[in-house]
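Dropping coords_32.csv in here (CSV, C-alpha atoms and all ligand atoms):
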```csv
chain,number,residue,atom,x,y,z
Z,55,MET,CA,26.0,-55.4,-11.2
Z,56,SER,CA,22.5,-54.2,-10.4
Z,57,PRO,CA,20.8,-51.2,-11.9
Z,58,THR,CA,22.1,-48.0,-10.2
Z,59,PRO,CA,20.4,-44.7,-10.3
Z,60,ARG,CA,22.3,-41.6,-11.3
Z,61,PRO,CA,24.3,-39.7,-8.7
Z,62,GLY,CA,22.3,-37.8,-6.2
Z,63,ILE,CA,19.1,-39.7,-6.4
Z,64,LEU,CA,19.7,-41.9,-3.4
Z,65,GLN,CA,20.5,-38.7,-1.4
Z,66,ILE,CA,16.9,-37.6,-1.8
Z,67,ASP,CA,14.8,-37.7,1.4
Z,68,PRO,CA,11.5,-38.5,-0.2
Z,69,TYR,CA,8.8,-35.8,0.1
Z,70,VAL,CA,6.5,-36.5,3.0
Z,71,PRO,CA,3.1,-35.1,2.1
Z,72,GLY,CA,0.8,-33.6,4.7
Z,73,LYS,CA,-1.2,-36.4,6.3
Z,74,SER,CA,-4.7,-36.6,5.0
Z,75,SER,CA,-6.3,-39.4,7.1
Z,76,LEU,CA,-6.3,-40.6,10.7
Z,77,PRO,CA,-6.8,-44.0,12.2
Z,78,GLY,CA,-10.5,-45.0,12.7
Z,79,ASN,CA,-13.2,-43.6,10.5
Z,80,VAL,CA,-13.1,-40.0,11.6
Z,81,LYS,CA,-13.4,-37.3,9.0
Z,82,PRO,CA,-10.2,-35.2,9.7
Z,83,MET,CA,-9.8,-31.5,9.6
Z,84,LYS,CA,-6.8,-31.4,7.2
Z,85,LEU,CA,-4.7,-28.4,8.0
Z,86,SER,CA,-1.5,-29.9,6.7
Z,87,SER,CA,-1.1,-28.8,3.1
Z,88,ASN,CA,-2.1,-25.2,2.8
Z,89,GLU,CA,-5.0,-26.0,0.5
Z,90,GLY,CA,-7.6,-23.2,0.0
Z,91,ALA,CA,-10.0,-23.0,3.0
Z,92,LEU,CA,-13.1,-22.7,0.9
Z,93,GLY,CA,-12.4,-25.5,-1.5
Z,94,PRO,CA,-12.6,-24.9,-5.3
Z,95,SER,CA,-14.8,-22.5,-7.1
Z,96,PRO,CA,-18.1,-24.0,-8.2
Z,97,ARG,CA,-17.4,-22.7,-11.6
Z,98,ALA,CA,-14.1,-24.7,-11.7
Z,99,ILE,CA,-16.0,-27.8,-10.6
Z,100,GLU,CA,-18.5,-27.3,-13.4
Z,101,ALA,CA,-15.8,-26.8,-16.0
Z,102,TYR,CA,-14.0,-29.9,-14.8
Z,103,ARG,CA,-17.2,-32.0,-15.2
Z,104,LYS,CA,-17.8,-30.6,-18.6
Z,105,ALA,CA,-14.3,-31.5,-19.7
Z,106,ALA,CA,-15.0,-35.1,-18.8
Z,107,GLU,CA,-17.1,-35.5,-21.9
Z,108,GLN,CA,-14.1,-35.0,-24.1
Z,109,MET,CA,-11.6,-37.0,-22.1
Z,110,HIS,CA,-10.9,-39.3,-25.0
Z,111,ARG,CA,-9.1,-36.3,-26.7
Z,112,TYR,CA,-5.6,-35.3,-25.9
Z,113,PRO,CA,-5.3,-31.9,-24.3
Z,114,ASP,CA,-4.2,-28.7,-26.0
Z,115,PRO,CA,-0.4,-29.2,-25.8
Z,116,GLY,CA,0.1,-25.4,-25.5
Z,117,SER,CA,-2.5,-24.8,-22.8
Z,118,THR,CA,-3.5,-21.9,-25.0
Z,119,ALA,CA,-6.8,-20.8,-23.5
Z,120,LEU,CA,-5.3,-21.1,-20.0
Z,121,ARG,CA,-2.2,-19.1,-20.8
Z,122,GLU,CA,-4.4,-16.4,-22.4
Z,123,ALA,CA,-6.6,-16.3,-19.4
Z,124,LEU,CA,-3.6,-16.0,-17.1
Z,125,ALA,CA,-2.1,-13.2,-19.3
Z,126,LYS,CA,-5.4,-11.3,-19.2
Z,127,HIS,CA,-5.9,-11.8,-15.4
Z,128,TYR,CA,-2.4,-10.9,-14.3
Z,129,GLY,CA,-1.5,-8.4,-17.1
Z,130,LEU,CA,1.2,-10.6,-18.6
Z,131,LYS,CA,2.5,-11.8,-22.0
Z,132,ALA,CA,0.9,-15.2,-22.8
Z,133,ASP,CA,3.9,-16.4,-24.9
Z,134,ARG,CA,6.1,-16.2,-21.8
Z,135,ILE,CA,3.9,-18.5,-19.7
Z,136,VAL,CA,4.6,-22.2,-19.5
Z,137,CYS,CA,2.0,-24.3,-17.7
Z,138,GLY,CA,2.9,-27.5,-15.8
Z,139,SER,CA,1.5,-30.2,-13.7
Z,140,GLY,CA,1.8,-28.2,-10.5
Z,141,SER,CA,4.7,-25.9,-9.8
Z,142,ASP,CA,6.5,-29.0,-8.6
Z,143,GLU,CA,6.8,-30.1,-12.3
Z,144,LEU,CA,8.1,-26.6,-13.3
Z,145,ILE,CA,10.7,-26.7,-10.5
Z,146,ALA,CA,11.9,-30.1,-11.8
Z,147,LEU,CA,11.9,-28.9,-15.4
Z,148,VAL,CA,14.0,-25.8,-14.6
Z,149,MET,CA,16.4,-28.0,-12.6
Z,150,ARG,CA,16.7,-30.6,-15.3
Z,151,SER,CA,17.3,-27.9,-17.9
Z,152,TYR,CA,19.9,-25.8,-16.1
Z,153,ALA,CA,21.6,-27.7,-13.4
Z,154,GLY,CA,23.5,-31.0,-13.1
Z,155,PRO,CA,26.5,-32.6,-11.5
Z,156,GLY,CA,29.1,-30.1,-10.4
Z,157,ASP,CA,26.6,-27.3,-10.3
Z,158,GLU,CA,25.2,-25.6,-7.1
Z,159,VAL,CA,21.6,-24.7,-6.4
Z,160,LEU,CA,21.0,-22.1,-3.7
Z,161,TYR,CA,18.0,-21.5,-1.4
Z,162,SER,CA,17.5,-20.3,2.1
Z,163,GLN,CA,17.7,-22.4,5.3
Z,164,TYR,CA,14.0,-23.1,5.6
Z,165,GLY,CA,13.2,-22.9,1.9
Z,166,PHE,CA,10.5,-25.1,0.5
Z,167,ILE,CA,11.5,-28.7,0.7
Z,168,MET,CA,11.0,-29.5,-3.0
Z,169,TYR,CA,14.2,-27.5,-3.7
Z,170,PRO,CA,16.7,-30.0,-2.2
Z,171,ILE,CA,14.7,-32.9,-3.6
Z,172,ALA,CA,14.8,-31.5,-7.2
Z,173,THR,CA,18.5,-30.5,-6.7
Z,174,HIS,CA,19.5,-34.1,-5.8
Z,175,SER,CA,17.4,-35.6,-8.5
Z,176,VAL,CA,19.7,-34.0,-11.1
Z,177,GLY,CA,22.9,-34.7,-9.2
Z,178,ALA,CA,23.6,-31.0,-8.4
Z,179,THR,CA,24.7,-29.8,-5.0
Z,180,PRO,CA,22.2,-28.0,-2.7
Z,181,VAL,CA,23.6,-25.0,-0.9
Z,182,THR,CA,21.6,-23.2,1.9
Z,183,ALA,CA,22.0,-19.7,3.2
Z,184,PRO,CA,21.2,-19.1,6.9
Z,185,GLU,CA,18.0,-17.1,7.6
Z,186,LYS,CA,17.6,-14.3,10.1
Z,187,GLY,CA,14.5,-14.5,12.2
Z,188,PHE,CA,12.9,-17.1,9.9
Z,189,ARG,CA,13.3,-14.8,7.0
Z,190,THR,CA,15.4,-15.0,3.8
Z,191,ASP,CA,18.6,-13.1,4.4
Z,192,VAL,CA,19.6,-11.5,1.0
Z,193,ASP,CA,23.2,-10.8,2.0
Z,194,ALA,CA,23.7,-14.4,3.2
Z,195,MET,CA,22.2,-15.7,-0.1
Z,196,ILE,CA,24.5,-13.5,-2.1
Z,197,ALA,CA,27.5,-14.5,0.0
Z,198,LYS,CA,26.8,-18.2,-0.9
Z,199,ALA,CA,26.6,-17.6,-4.7
Z,200,ASN,CA,29.5,-18.3,-6.9
Z,201,ALA,CA,30.5,-19.3,-10.5
Z,202,ARG,CA,28.9,-22.8,-10.0
Z,203,THR,CA,25.5,-21.5,-8.8
Z,204,LYS,CA,23.1,-22.2,-11.6
Z,205,ILE,CA,19.7,-21.6,-9.9
Z,206,CYS,CA,18.7,-19.7,-6.8
Z,207,PHE,CA,15.2,-20.5,-5.4
Z,208,LEU,CA,13.3,-17.9,-3.4
Z,209,ALA,CA,9.9,-18.9,-2.1
Z,210,ASN,CA,8.2,-15.6,-1.5
Z,211,PRO,CA,6.3,-15.8,0.7
Z,212,ASN,CA,8.1,-18.9,2.0
Z,213,ASN,CA,6.6,-22.1,3.1
Z,214,PRO,CA,6.8,-23.1,6.0
Z,215,THR,CA,7.8,-19.8,7.6
Z,216,GLY,CA,5.1,-17.6,6.1
Z,217,SER,CA,7.6,-14.7,5.9
Z,218,TYR,CA,8.3,-12.6,2.8
Z,219,ILE,CA,10.9,-10.3,1.5
Z,220,THR,CA,10.1,-7.0,-0.2
Z,221,THR,CA,10.3,-6.2,-3.9
Z,222,ALA,CA,13.4,-4.0,-3.2
Z,223,GLU,CA,15.1,-7.0,-1.4
Z,224,VAL,CA,14.3,-9.3,-4.3
Z,225,GLU,CA,15.8,-6.8,-6.7
Z,226,ARG,CA,18.9,-6.6,-4.5
Z,227,LEU,CA,19.2,-10.4,-4.5
Z,228,ARG,CA,19.0,-10.6,-8.2
Z,229,ALA,CA,21.6,-7.8,-8.7
Z,230,GLY,CA,23.9,-9.7,-6.3
Z,231,LEU,CA,23.7,-13.1,-8.1
Z,232,PRO,CA,26.1,-14.0,-10.9
Z,233,ALA,CA,24.7,-13.5,-14.4
Z,234,GLN,CA,24.6,-17.3,-15.2
Z,235,CYS,CA,22.3,-17.9,-12.2
Z,236,ILE,CA,18.5,-18.1,-12.7
Z,237,LEU,CA,16.6,-16.5,-9.8
Z,238,VAL,CA,13.4,-18.5,-9.5
Z,239,ILE,CA,10.8,-16.6,-7.5
Z,240,ASP,CA,8.3,-19.2,-6.3
Z,241,ALA,CA,5.2,-17.1,-5.5
Z,242,ALA,CA,2.8,-19.9,-4.6
Z,243,TYR,CA,1.1,-17.8,-2.0
Z,244,ALA,CA,1.2,-14.4,-3.8
Z,245,GLU,CA,-2.6,-14.1,-4.0
Z,246,TYR,CA,-2.9,-13.9,-0.3
Z,247,VAL,CA,-0.4,-11.1,0.2
Z,248,SER,CA,-1.6,-7.6,0.5
Z,249,ARG,CA,1.5,-5.5,1.4
Z,250,ASN,CA,2.4,-2.6,-0.7
Z,251,ASP,CA,6.1,-3.4,-0.5
Z,252,TYR,CA,5.5,-6.9,-2.0
Z,253,SER,CA,5.2,-8.1,-5.6
Z,254,ALA,CA,5.2,-11.6,-7.0
Z,255,GLY,CA,8.0,-10.7,-9.4
Z,256,ALA,CA,6.5,-10.5,-12.9
Z,257,GLU,CA,8.1,-7.1,-13.5
Z,258,LEU,CA,11.5,-8.6,-12.8
Z,259,VAL,CA,10.9,-11.4,-15.3
Z,260,GLU,CA,10.2,-8.7,-17.9
Z,261,ARG,CA,13.3,-6.7,-17.1
Z,262,HIS,CA,15.9,-9.5,-16.8
Z,263,ASP,CA,16.8,-12.6,-18.8
Z,264,ASN,CA,17.6,-14.6,-15.6
Z,265,VAL,CA,14.4,-14.4,-13.5
Z,266,VAL,CA,11.5,-16.8,-13.5
Z,267,MET,CA,8.3,-16.5,-11.5
Z,268,MET,CA,6.4,-19.6,-10.6
Z,269,ARG,CA,2.7,-19.7,-9.5
Z,270,THR,CA,0.2,-22.4,-8.6
Z,271,PHE,CA,-3.5,-23.1,-8.7
Z,272,SER,CA,-3.1,-25.3,-5.6
Z,273,LYS,CA,-3.5,-22.5,-3.0
Z,274,ILE,CA,-6.0,-19.7,-3.3
Z,275,TYR,CA,-7.7,-21.4,-6.3
Z,276,ALA,CA,-7.8,-24.7,-4.3
Z,277,LEU,CA,-7.1,-27.0,-7.3
Z,278,GLY,CA,-4.3,-29.0,-5.7
Z,279,GLY,CA,-5.8,-32.3,-6.8
Z,280,LEU,CA,-5.6,-31.3,-10.4
Z,281,ARG,CA,-1.9,-30.4,-10.3
Z,282,LEU,CA,-1.8,-27.1,-12.1
Z,283,GLY,CA,1.0,-24.5,-12.0
Z,284,TRP,CA,2.7,-22.0,-14.3
Z,285,ALA,CA,5.9,-20.2,-14.8
Z,286,TYR,CA,6.4,-16.7,-16.2
Z,287,CYS,CA,9.7,-16.7,-18.1
Z,288,PRO,CA,12.1,-14.7,-20.2
Z,289,PRO,CA,11.6,-15.9,-23.8
Z,290,ALA,CA,14.7,-18.0,-24.0
Z,291,ILE,CA,13.8,-19.9,-20.8
Z,292,ALA,CA,10.2,-20.4,-21.9
Z,293,ASP,CA,11.6,-21.9,-25.1
Z,294,VAL,CA,13.8,-24.3,-23.1
Z,295,LEU,CA,11.0,-25.4,-20.8
Z,296,ASN,CA,8.7,-26.0,-23.8
Z,297,ARG,CA,11.3,-28.3,-25.3
Z,298,VAL,CA,11.8,-30.4,-22.2
Z,299,ARG,CA,8.2,-30.7,-20.9
Z,300,GLY,CA,6.0,-33.5,-22.0
Z,301,PRO,CA,3.8,-32.3,-24.9
Z,302,PHE,CA,0.6,-33.0,-22.9
Z,303,ASN,CA,1.8,-32.2,-19.4
Z,304,VAL,CA,-1.5,-30.5,-18.4
Z,305,THR,CA,-4.7,-32.4,-18.7
Z,306,SER,CA,-7.7,-30.9,-20.5
Z,307,ALA,CA,-9.8,-30.9,-17.3
Z,308,SER,CA,-7.1,-29.0,-15.4
Z,309,GLN,CA,-6.8,-26.4,-18.2
Z,310,ALA,CA,-10.6,-25.9,-18.2
Z,311,ALA,CA,-10.9,-25.7,-14.5
Z,312,GLY,CA,-8.0,-23.3,-14.3
Z,313,VAL,CA,-9.7,-20.9,-16.7
Z,314,ALA,CA,-12.9,-21.1,-14.8
Z,315,ALA,CA,-11.2,-20.5,-11.5
Z,316,LEU,CA,-9.5,-17.4,-12.9
Z,317,GLU,CA,-12.8,-16.1,-14.2
Z,318,ASP,CA,-14.5,-16.5,-10.8
Z,319,LEU,CA,-13.2,-13.3,-9.4
Z,320,ALA,CA,-15.8,-13.2,-6.6
Z,321,PHE,CA,-14.7,-16.6,-5.3
Z,322,ALA,CA,-11.0,-15.7,-5.2
Z,323,ASP,CA,-12.0,-12.4,-3.4
Z,324,ALA,CA,-14.0,-14.4,-0.9
Z,325,SER,CA,-11.1,-16.7,-0.3
Z,326,ARG,CA,-8.8,-13.8,0.3
Z,327,ALA,CA,-11.2,-12.1,2.6
Z,328,HIS,CA,-11.6,-15.3,4.5
Z,329,ASN,CA,-7.8,-15.5,5.0
Z,330,ASP,CA,-7.6,-11.8,5.9
Z,331,MET,CA,-10.0,-12.5,8.7
Z,332,TRP,CA,-8.9,-15.9,10.0
Z,333,LEU,CA,-5.1,-15.6,9.7
Z,334,PRO,CA,-4.9,-12.7,12.2
Z,335,TRP,CA,-7.6,-14.3,14.3
Z,336,LEU,CA,-5.7,-17.6,14.6
Z,337,THR,CA,-2.4,-15.8,15.2
Z,338,ARG,CA,-3.9,-13.7,18.0
Z,339,GLU,CA,-5.7,-16.7,19.7
Z,340,LEU,CA,-2.6,-18.9,19.6
Z,341,GLN,CA,-0.4,-16.0,21.0
Z,342,ALA,CA,-3.0,-15.6,23.8
Z,343,LEU,CA,-2.4,-19.2,24.7
Z,344,GLY,CA,1.3,-18.4,25.1
Z,345,LEU,CA,2.5,-19.9,21.9
Z,346,GLU,CA,4.9,-18.1,19.6
Z,347,VAL,CA,3.4,-17.5,16.2
Z,348,LEU,CA,5.6,-16.2,13.4
Z,349,PRO,CA,3.8,-13.3,11.5
Z,350,SER,CA,2.6,-14.9,8.2
Z,351,VAL,CA,1.4,-13.4,4.9
Z,352,GLY,CA,0.3,-16.8,3.5
Z,353,ASN,CA,-2.6,-19.1,4.3
Z,354,PHE,CA,-0.8,-20.8,7.2
Z,355,VAL,CA,1.1,-20.1,10.4
Z,356,LEU,CA,4.3,-21.5,11.9
Z,357,VAL,CA,3.8,-22.1,15.6
Z,358,HIS,CA,6.6,-22.7,18.0
Z,359,PHE,CA,6.1,-24.9,21.1
Z,360,LYS,CA,8.4,-25.1,24.1
Z,361,PRO,CA,10.3,-28.4,24.0
Z,362,GLY,CA,9.2,-31.0,26.5
Z,363,ALA,CA,5.9,-32.5,27.5
Z,364,LYS,CA,3.9,-29.7,26.0
Z,365,GLY,CA,6.1,-29.7,22.8
Z,366,ALA,CA,5.2,-29.8,19.1
Z,367,ALA,CA,5.2,-33.6,18.8
Z,368,ALA,CA,2.8,-34.0,21.8
Z,369,ALA,CA,0.6,-31.1,20.4
Z,370,ASN,CA,0.5,-32.9,17.0
Z,371,ALA,CA,-0.6,-36.1,18.6
Z,372,PHE,CA,-3.2,-34.3,20.8
Z,373,LEU,CA,-4.6,-32.5,17.7
Z,374,ASN,CA,-4.8,-35.8,15.8
Z,375,ALA,CA,-6.8,-37.3,18.6
Z,376,ARG,CA,-9.3,-34.5,18.0
Z,377,ALA,CA,-9.3,-35.3,14.3
Z,378,ILE,CA,-7.2,-32.3,13.4
Z,379,ILE,CA,-4.1,-32.7,11.2
Z,380,PRO,CA,-1.4,-30.0,11.4
Z,381,ARG,CA,2.0,-30.4,9.7
Z,382,GLY,CA,5.0,-31.6,11.7
Z,383,LEU,CA,8.2,-30.0,10.5
Z,384,ASP,CA,11.0,-32.4,11.5
Z,385,ASN,CA,12.0,-32.7,7.9
Z,386,TYR,CA,12.7,-28.9,7.8
Z,387,GLY,CA,14.9,-29.2,10.9
Z,388,LEU,CA,12.0,-27.5,12.9
Z,389,PRO,CA,11.0,-30.2,15.4
Z,390,ASP,CA,9.7,-27.7,17.9
Z,391,HIS,CA,7.2,-26.2,15.3
Z,392,LEU,CA,4.0,-27.1,13.7
Z,393,ARG,CA,2.5,-25.5,10.6
Z,394,ILE,CA,-1.2,-24.9,10.6
Z,395,THR,CA,-3.2,-24.0,7.5
Z,396,ILE,CA,-6.0,-21.5,7.7
Z,397,GLY,CA,-9.1,-23.6,7.3
Z,398,THR,CA,-12.8,-22.9,7.8
Z,399,GLU,CA,-14.1,-21.0,10.8
Z,400,ALA,CA,-15.2,-24.3,12.5
Z,401,GLU,CA,-11.7,-25.7,11.9
Z,402,MET,CA,-10.0,-22.6,13.3
Z,403,ARG,CA,-12.1,-22.6,16.4
Z,404,ALA,CA,-11.5,-26.3,16.8
Z,405,VAL,CA,-7.7,-25.9,16.7
Z,406,VAL,CA,-7.7,-23.1,19.2
Z,407,ALA,CA,-10.0,-25.0,21.6
Z,408,ALA,CA,-7.9,-28.2,21.3
Z,409,LEU,CA,-4.6,-26.4,21.9
Z,410,ALA,CA,-6.1,-24.5,24.8
Z,411,ASP,CA,-7.0,-27.9,26.3
Z,412,PHE,CA,-3.6,-29.3,25.4
Z,413,LEU,CA,-1.7,-26.5,27.2
Z,414,LYS,CA,-3.9,-26.7,30.4
V,501,LIG,C1,6.4,-22.5,-1.8
V,501,LIG,C2,5.7,-23.6,-2.6
V,501,LIG,N1,6.0,-23.8,-3.9
V,501,LIG,C3,5.4,-24.7,-4.6
V,501,LIG,C4,4.5,-25.5,-4.1
V,501,LIG,C5,3.9,-26.6,-4.9
V,501,LIG,O1,2.8,-26.3,-5.5
V,501,LIG,P1,2.1,-27.2,-6.6
V,501,LIG,O2,0.9,-27.8,-5.9
V,501,LIG,O3,1.7,-26.2,-7.7
V,501,LIG,O4,3.1,-28.2,-7.1
V,501,LIG,C6,4.1,-25.4,-2.7
V,501,LIG,C7,3.1,-26.3,-2.1
V,501,LIG,O5,3.0,-26.5,-1.0
V,501,LIG,C8,4.7,-24.4,-2.0
V,501,LIG,O6,4.5,-24.2,-0.7
```
Structure translated into structure tokens:
Amino acid sequence: MSPTPRPGILQIDPYVPGKSSLPGNVKPMKLSSNEGALGPSPRAIEAYRKAAEQMHRYPDPGSTALREALAKHYGLKADRIVCGSGSDELIALVMRSYAGPGDEVLYSQYGFIMYPIATHSVGATPVTAPEKGFRTDVDAMIAKANARTKICFLANPNNPTGSYITTAEVERLRAGLPAQCILVIDAAYAEYVSRNDYSAGAELVERHDNVVMMRTFSKIYALGGLRLGWAYCPPAIADVLNRVRGPFNVTSASQAAGVAALEDLAFADASRAHNDMWLPWLTRELQALGLEVLPSVGNFVLVHFKPGAKGAAAANAFLNARAIIPRGLDNYGLPDHLRITIGTEAEMRAVVAALADFLK
């Protein structure tokens, strides 16, 4: 008898991160992980450096200053916020706390890939609902829910599609789910969205005992390397997550950098303005090349290539040869698509020039 992992674990297809390097010594344009185009706020970098002087001390186990800063910035209640080592950790903690063998976890067809990974890791059963036009279909989700459904994940906006559903649709989804099911609204890209029919979901958390909103510092705040995320929870769920998380799950440097990033309003505004300019620009330019680009409200676009010699795999290789790294999506069942992050102006112009040459 050799050591055997718990049921489900060997069904995990390990997460494949966006490539960050290329053969040779070229400095790549990394457009594969939706990291903020402008890099981190200088104030966050400064706070991180300062925190280094105290790195012999354990961090504040309650991430108190960070939770208070988040509460102030987003108009929330600090005691309902739980911070984690990226939203990935929070996804795993909710899973560990509320689902196990015999339970089902629901998400939509092209939902963020961490949901199946986290589901298998606790031995629960992943259930997907078909999308319509690369968009979450609320009726299909509700139709797949039943007495075994413990968690329903909704990435809103979704990665890799870039689509979103409206606040009214999210409300309808919640109302259609069984009461024992937690609706996790994963709003990693919320700060980029400026649609008046969209909200990240905090008000739903405050109205219902089965809704959690998750957020991250990895996208607009560009602190992916620090691993910093947070969940806004009903009190009973915050209590559960605080019991299961490690007491020091967020480093002091991450807490300090997170507070500084939130305080740097001008930097976040500049990042949003950059995206507001280059997201439509990239979309238009790629469409002008004859590519299909799904309308996105995030900081990335999903691009469809016609299968064949000018297909997505060939485009990926061609871009790599120009030191550009997009994200291939075979693991999402989207082999004819690439996902491209909104980067700097130079990066955006380089992608368009390269794809123009590729399609010649
Ligand atoms: C929808 C979605 N949720 C969560 C995450 C993970 O974020 P974090 O870096 O906070 O773990 C990502 C990152 O790509 C994402 O796209």
Pick from Z:Asn353, Z:Thr305, Z:Gln234, Z:Thr203, whichever lies nearest to ligand LIG 501 (chain V) using only C-alpha atoms and all ligand atoms: Z:Asn353
Exercise: Z:Arg297 partners within 12 Å, all atoms listed in the file, chain neighbours under 4 positions left out, as a PyMOL selection string: chain Z and resi 115-116+136+147-148+150-151+290-293+301-303
Take the residues from that selection and put them in a file with C-alpha atoms, as an mmCIF file, in the coordinates of the input.
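Output contents, as saved in result.cif:
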```cif
data_model
loop_
_atom_site.group_PDB
_atom_site.id
_atom_site.type_symbol
_atom_site.label_atom_id
_atom_site.label_comp_id
_atom_site.auth_asym_id
_atom_site.auth_seq_id
_atom_site.Cartn_x
_atom_site.Cartn_y
_atom_site.Cartn_z
ATOM 1 C CA PRO Z 115 -0.400 -29.200 -25.800
ATOM 2 C CA GLY Z 116 0.100 -25.400 -25.500
ATOM 3 C CA VAL Z 136 4.600 -22.200 -19.500
ATOM 4 C CA LEU Z 147 11.900 -28.900 -15.400
ATOM 5 C CA VAL Z 148 14.000 -25.800 -14.600
ATOM 6 C CA ARG Z 150 16.700 -30.600 -15.300
ATOM 7 C CA SER Z 151 17.300 -27.900 -17.900
ATOM 8 C CA ALA Z 290 14.700 -18.000 -24.000
ATOM 9 C CA ILE Z 291 13.800 -19.900 -20.800
ATOM 10 C CA ALA Z 292 10.200 -20.400 -21.900
ATOM 11 C CA ASP Z 293 11.600 -21.900 -25.100
ATOM 12 C CA PRO Z 301 3.800 -32.300 -24.900
ATOM 13 C CA PHE Z 302 0.600 -33.000 -22.900
ATOM 14 C CA ASN Z 303 1.800 -32.200 -19.400
#
```
Protein and nucleic acid residues within 10 Å of ligand LIG 501 (chain V) (all atoms listed in the file) as a ChimeraX atom specification: /Z:71-72,86-89,138-145,165-169,207-216,239-244,268-273,276-284,352
Nearest to Z:Leu85, chosen from Z:Ile196, Z:Val405, Z:Met149, Z:Leu258, with all atoms listed in the file counted in the distances: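 Distance minimum relative to Z:Leu85 lands on Z:Val405.
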Interatomic distance, atom CA of Z:Asp390 to atom CA of Z:Ala367 (Å, one decimal): 7.5 Å
Residue nearest Z:Tyr128 among Z:Thr398, Z:Asp384, Z:Asn296, Z:Ala254 (counting only C-alpha atoms): Z:Ala254
Residues within 12 Å of (7.4, -12.0, -13.1), counting only C-alpha atoms, listed as a ChimeraX atom specification: /Z:125,128-131,134-135,221,224-225,237-241,244,253-269,284-288
Residue contacts of Z:Arg393 (7 Å, only C-alpha atoms) excluding same-chain residues fewer than 6 positions away, as a count of residues only: 8
Best match for closeness to Z:Thr179 among Z:Tyr161, Z:Tyr275, Z:Phe359, Z:Tyr112, counting only C-alpha atoms: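 Comparing Z:Tyr161, Z:Tyr275, Z:Phe359, Z:Tyr112 against Z:Thr179, the winner is Z:Tyr161.
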Using only C-alpha atoms: which of Z:Ala201, Z:Val351, Z:Ala375, Z:Leu413 has the shortest distance to Z:Glu245: Z:Val351
Selection: 12 Å around Z:Asp411, all atoms listed in the file, excl. self and same-chain fewer than 5 positions, as an MDAnalysis selection string: chainID Z and resid 343 364 369 372:373 376 404:406
Nearest to Z:Ile394, chosen from Z:Ile236, Z:Leu231, Z:Ala101, Z:Leu340, with only C-alpha atoms counted in the distances: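 Smallest distance to Z:Ile394 is found for Z:Leu340.
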Contact residues around stretch 80-84 of chain Z with all atoms listed in the file at 6 Å, ignoring same-chain residues under 2 positions, as a PDB file with C-alpha atoms, in the frame of the given file:
```pdb
ATOM      1  CA  GLY Z  78     -10.500 -45.000  12.700  1.00  0.00           C
ATOM      2  CA  SER Z  86      -1.500 -29.900   6.700  1.00  0.00           C
ATOM      3  CA  ALA Z 377      -9.300 -35.300  14.300  1.00  0.00           C
ATOM      4  CA  ILE Z 378      -7.200 -32.300  13.400  1.00  0.00           C
ATOM      5  CA  ILE Z 379      -4.100 -32.700  11.200  1.00  0.00           C
TER       6      ILE Z 379
END
```
Protein/DNA/RNA residues near (7.1, -19.4, 19.9), cut 8 Å, all atoms listed in the file, as a list of chain:residue names: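 It turns out the residues near that spot are Z:Gly344, Z:Leu345, Z:Glu346, Z:Val347, Z:Leu348, Z:Val357, Z:His358, Z:Phe359, Z:Lys360.
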